[in-house]
Amino acid sequence: MAGFDLVHLFNIMPVEETYQFYQNARHQHKKMVLSTIFWDPAEFLQATGTEARFGEWWQKTMPQRVEILSNVQLILPNSRMEGELLEKSFPKLPPSLIVPNSADRLFANAGAERFRKRFQPPPEFVLSVGRISPRKNQLSLVQAIRSLRLPAVFIGPLNDTVYYQECRRAAAGLKVTFIDTLSQTDLASAYAAAKVHALVSWYDTPGLVSLEAGLAGCRIVSTSRGCTREYLKEMAFYCEPDDLNSICQALQDAWCAPADQRLRERILRHYTWEQTAQATLDAYRMALDSSKS
C-alpha cells in the first residue's frame, strides 16, 4: 500500500476479511473509505432457523464492525435507508455519502435471440437471477410458481447444495430450468428474453439483478425488504418473503401488467456505473480532504 493515499474497503457483513484489510491500512496510516453493504440479518436468521448458530457469530464479530466504523474517514451506504439503519445499529459513525448500486448500460440494449437459441425457453417466462441460497429464497419462489403454473428459469451458482436440491425437488414436474452462471452477454440476453424478473430474498440492497433486469425491460417482482423501494419506487411489484400468498400476488400482478418503460428510464438516469463512479470519486476527494488521520 506504500504508493497509495487511500484504501477503499467493502462490506461489514462477512467482516473478517474486511477487518484484515482495515488493520493493514491502519498500520500503514492510510485514510480509508468503507462501502458498508449492511443490513440487519436478524429476520432472515430467525426465519431460517439459523439464529443460534449465525447469531452467535454475528455478535462475536460485532466489535470488528464497530472498530472499522470508528476509524474510517467516510462511509458509503448504498441508500438513505441503509444509512439510517447504520445510525440505529452503531454508536459512532463517521460522515457518510450515499453511493448507489448500479447496472451496466449494456443490459438496456440486449436482444433475446442469443438466449432463446441456446436454451429454448418458453415464449414467456419468469426469470430469477442470483446464487441459489436460503437468503435469496428461491424455494418460496418455486412454490409460488407451482401455485400459479408459470414457466420459470433460475440462473445462478450454488451457494448451498442441500438447499439447491430442495428447490429442484419442489420444481419437479414444472416448466422450470436451472442454469449455472452465465457470461454477462448471455445474462443480458436472458433478461431480454424474460417477461418477469423475480427476486424475493430476505433482504437486498437493492439487488443488482433487479436493476439489470429493469434496464432490460422486465417487469420486476422484488422483496419488500432492504432498500429496494428507495430504488424501484412504485415501478415494481413488491412481496413479503415470508408470505407465499404475497409472492403469488406480486407474480400474478407483474405477469398481467402491461410493459412499462418508466423503471428502465429511471435506472438510466440514476443507477448506471457512470453515476456511481462520479459519486465514488467525490467520496475519495472528501476523504482525502478530511483532517482525520
# chains A, B, ... in the order shown; residues from 1 in each chain; ligands from 1
>>> closest_atom_pairs(of="segment 84-122 of chain A", to="segment 196-218 of chain A", cutoff="9 Å", atoms="only C-alpha atoms", output="tab-separated table")
residue	atom	partner	partner_atom	distance
A:Asn101	CA	A:Leu208	CA	6.9
A:Ser102	CA	A:Leu208	CA	6.7
A:Ala103	CA	A:Glu212	CA	5.4
A:Asp104	CA	A:Glu212	CA	7.2
A:Arg105	CA	A:Leu215	CA	7.5
A:Leu106	CA	A:Leu215	CA	8.6
A:Phe107	CA	A:Ala216	CA	5.2
A:Ala108	CA	A:Ala216	CA	4.7
A:Asn109	CA	A:Ala216	CA	7.1
A:Ala110	CA	A:Ala216	CA	6.9
A:Gly111	CA	A:Ala216	CA	8.8
>>> write_last_selection(atoms="all heavy atoms", output="mmCIF file, in the first residue's frame")
data_model
loop_
_atom_site.group_PDB
_atom_site.id
_atom_site.type_symbol
_atom_site.label_atom_id
_atom_site.label_comp_id
_atom_site.auth_asym_id
_atom_site.auth_seq_id
_atom_site.Cartn_x
_atom_site.Cartn_y
_atom_site.Cartn_z
ATOM 1 N N ASN A 101 -25.828 1.509 -5.723
ATOM 2 C CA ASN A 101 -25.550 0.384 -6.601
ATOM 3 C C ASN A 101 -26.047 0.715 -7.998
ATOM 4 O O ASN A 101 -26.950 1.552 -8.173
ATOM 5 C CB ASN A 101 -26.235 -0.885 -6.087
ATOM 6 C CG ASN A 101 -25.280 -1.773 -5.333
ATOM 7 O OD1 ASN A 101 -24.127 -1.908 -5.710
ATOM 8 N ND2 ASN A 101 -25.755 -2.393 -4.264
ATOM 9 N N SER A 102 -25.510 0.046 -8.990
ATOM 10 C CA SER A 102 -25.843 0.402 -10.368
ATOM 11 C C SER A 102 -25.812 -0.817 -11.272
ATOM 12 O O SER A 102 -25.481 -1.929 -10.839
ATOM 13 C CB SER A 102 -24.866 1.463 -10.879
ATOM 14 O OG SER A 102 -25.062 2.685 -10.215
ATOM 15 N N ALA A 103 -26.144 -0.588 -12.529
ATOM 16 C CA ALA A 103 -26.134 -1.640 -13.543
ATOM 17 C C ALA A 103 -25.457 -1.107 -14.794
ATOM 18 O O ALA A 103 -25.429 0.100 -15.043
ATOM 19 C CB ALA A 103 -27.560 -2.086 -13.866
ATOM 20 N N ASP A 104 -24.929 -2.019 -15.582
ATOM 21 C CA ASP A 104 -24.247 -1.664 -16.828
ATOM 22 C C ASP A 104 -25.279 -1.334 -17.910
ATOM 23 O O ASP A 104 -26.265 -2.047 -18.086
ATOM 24 C CB ASP A 104 -23.382 -2.851 -17.276
ATOM 25 C CG ASP A 104 -22.379 -2.460 -18.339
ATOM 26 O OD1 ASP A 104 -22.771 -1.816 -19.335
ATOM 27 O OD2 ASP A 104 -21.192 -2.808 -18.180
ATOM 28 N N ARG A 105 -25.021 -0.262 -18.640
ATOM 29 C CA ARG A 105 -25.941 0.161 -19.694
ATOM 30 C C ARG A 105 -26.140 -0.910 -20.777
ATOM 31 O O ARG A 105 -27.140 -0.877 -21.501
ATOM 32 C CB ARG A 105 -25.426 1.434 -20.361
ATOM 33 C CG ARG A 105 -25.519 2.677 -19.495
ATOM 34 C CD ARG A 105 -24.937 3.890 -20.193
ATOM 35 N NE ARG A 105 -25.022 5.080 -19.361
ATOM 36 C CZ ARG A 105 -26.066 5.913 -19.359
ATOM 37 N NH1 ARG A 105 -27.092 5.679 -20.167
ATOM 38 N NH2 ARG A 105 -26.088 6.967 -18.572
ATOM 39 N N LEU A 106 -25.229 -1.860 -20.880
ATOM 40 C CA LEU A 106 -25.373 -2.882 -21.926
ATOM 41 C C LEU A 106 -26.664 -3.675 -21.769
ATOM 42 O O LEU A 106 -27.196 -4.194 -22.749
ATOM 43 C CB LEU A 106 -24.168 -3.819 -21.958
ATOM 44 C CG LEU A 106 -24.010 -4.929 -20.910
ATOM 45 C CD1 LEU A 106 -24.769 -6.194 -21.326
ATOM 46 C CD2 LEU A 106 -22.555 -5.285 -20.715
ATOM 47 N N PHE A 107 -27.184 -3.752 -20.521
ATOM 48 C CA PHE A 107 -28.416 -4.509 -20.309
ATOM 49 C C PHE A 107 -29.620 -3.833 -20.961
ATOM 50 O O PHE A 107 -30.634 -4.478 -21.204
ATOM 51 C CB PHE A 107 -28.657 -4.716 -18.814
ATOM 52 C CG PHE A 107 -27.659 -5.630 -18.162
ATOM 53 C CD1 PHE A 107 -26.648 -5.122 -17.367
ATOM 54 C CD2 PHE A 107 -27.706 -6.994 -18.369
ATOM 55 C CE1 PHE A 107 -25.709 -5.959 -16.772
ATOM 56 C CE2 PHE A 107 -26.769 -7.838 -17.791
ATOM 57 C CZ PHE A 107 -25.770 -7.316 -17.000
ATOM 58 N N ALA A 108 -29.502 -2.543 -21.226
ATOM 59 C CA ALA A 108 -30.600 -1.825 -21.874
ATOM 60 C C ALA A 108 -30.672 -2.104 -23.365
ATOM 61 O O ALA A 108 -31.694 -1.805 -24.001
ATOM 62 C CB ALA A 108 -30.454 -0.323 -21.635
ATOM 63 N N ASN A 109 -29.623 -2.665 -23.932
ATOM 64 C CA ASN A 109 -29.551 -2.850 -25.387
ATOM 65 C C ASN A 109 -29.475 -4.309 -25.811
ATOM 66 O O ASN A 109 -29.233 -4.598 -26.980
ATOM 67 C CB ASN A 109 -28.320 -2.107 -25.926
ATOM 68 C CG ASN A 109 -28.358 -0.628 -25.587
ATOM 69 O OD1 ASN A 109 -29.369 0.026 -25.804
ATOM 70 N ND2 ASN A 109 -27.270 -0.106 -25.030
ATOM 71 N N ALA A 110 -29.685 -5.230 -24.882
ATOM 72 C CA ALA A 110 -29.539 -6.651 -25.197
ATOM 73 C C ALA A 110 -30.723 -7.168 -26.007
ATOM 74 O O ALA A 110 -31.844 -6.665 -25.908
ATOM 75 C CB ALA A 110 -29.407 -7.453 -23.911
ATOM 76 N N GLY A 111 -30.453 -8.207 -26.786
ATOM 77 C CA GLY A 111 -31.503 -8.882 -27.536
ATOM 78 C C GLY A 111 -31.733 -10.285 -27.000
ATOM 79 O O GLY A 111 -30.842 -10.900 -26.410
#
>>> residues_around(residues="Ala47 of chain A", least_positions_apart="4", cutoff="12 Å", atoms="only C-alpha atoms", output="PyMOL selection string")
chain A and resi 41-43+51-52+134-135+137+201-202+241-243
>>> atom_distance(atom1="atom CA of Asp186 of chain A", atom2="atom CA of Pro157 of chain A")
14.8 Å
>>> atom_distance(atom1="atom CA of Phe115 of chain A", atom2="atom CA of Val176 of chain A")
15.4 Å
>>> residues_around(residues="Lys92 of chain A", least_positions_apart="4", cutoff="8 Å", atoms="only C-alpha atoms", output="PyMOL selection string")
chain A and resi 66+69-70+87
>>> select_by_dssp(residues="segment 40-155 of chain A", states="helix (DSSP H, G or I)", output="VMD selection string")
chain A and resid 42 to 47 51 to 71 80 to 89 105 to 109 113 to 119 134 to 136 138 to 148
>>> atom_distance(atom1="atom CA of Pro151 of chain A", atom2="atom CA of Lys175 of chain A")
4.8 Å
>>> select_by_dssp(residues="segment 19-230 of chain A", states="strand (DSSP E or B)", output="ChimeraX atom specification")
/A:31-35,74-75,96,103,126-129,132,152-155,158,176-179,196-199,219-223
>>> closest_residue(among="A:Ile132, A:Leu244, A:Ile267, A:Ile179", to="Ser147 of chain A", atoms="only C-alpha atoms")
A:Leu244
>>> residues_around(residues="Gly83 of chain A", least_positions_apart="5", cutoff="10 Å", atoms="only C-alpha atoms", output="list in words")
Thr36, Ile37, Phe38, Trp39, Ile75, Leu76, Pro77, Asn78, Lys88, Ser89, Leu93, Ser96, Leu97 and Ile98 of chain A
>>> closest_residue(among="A:Asp160, A:Asp260, A:Glu124, A:Glu56", to="Ala192 of chain A", atoms="only C-alpha atoms")
A:Glu124
>>> residues_around(residues="Ala257 of chain A", least_positions_apart="3", cutoff="10 Å", atoms="only C-alpha atoms", output="VMD selection string")
chain A and resid 196 219 237 251 to 254 260
>>> closest_residue(among="A:Ala152, A:Ala188, A:Met62, A:Leu232", to="Tyr271 of chain A", atoms="only C-alpha atoms")
A:Leu232
>>> residues_around(residues="Phe21 of chain A", least_positions_apart="2", cutoff="12 Å", atoms="only C-alpha atoms", output="PyMOL selection string")
chain A and resi 1+7-12+15-19+23-28+30+32-34+64+68+72
>>> closest_residue(among="A:Arg65, A:Lys31, A:Arg131, A:Lys60", to="Leu182 of chain A", atoms="only C-alpha atoms")
A:Arg131
>>> closest_residue(among="A:Cys167, A:Cys248, A:Ile155, A:Ala194", to="Leu139 of chain A", atoms="only C-alpha atoms")
A:Cys167
>>> closest_residue(among="A:Cys239, A:Leu45, A:Ala259, A:Leu6", to="His29 of chain A", atoms="only C-alpha atoms")
A:Leu6
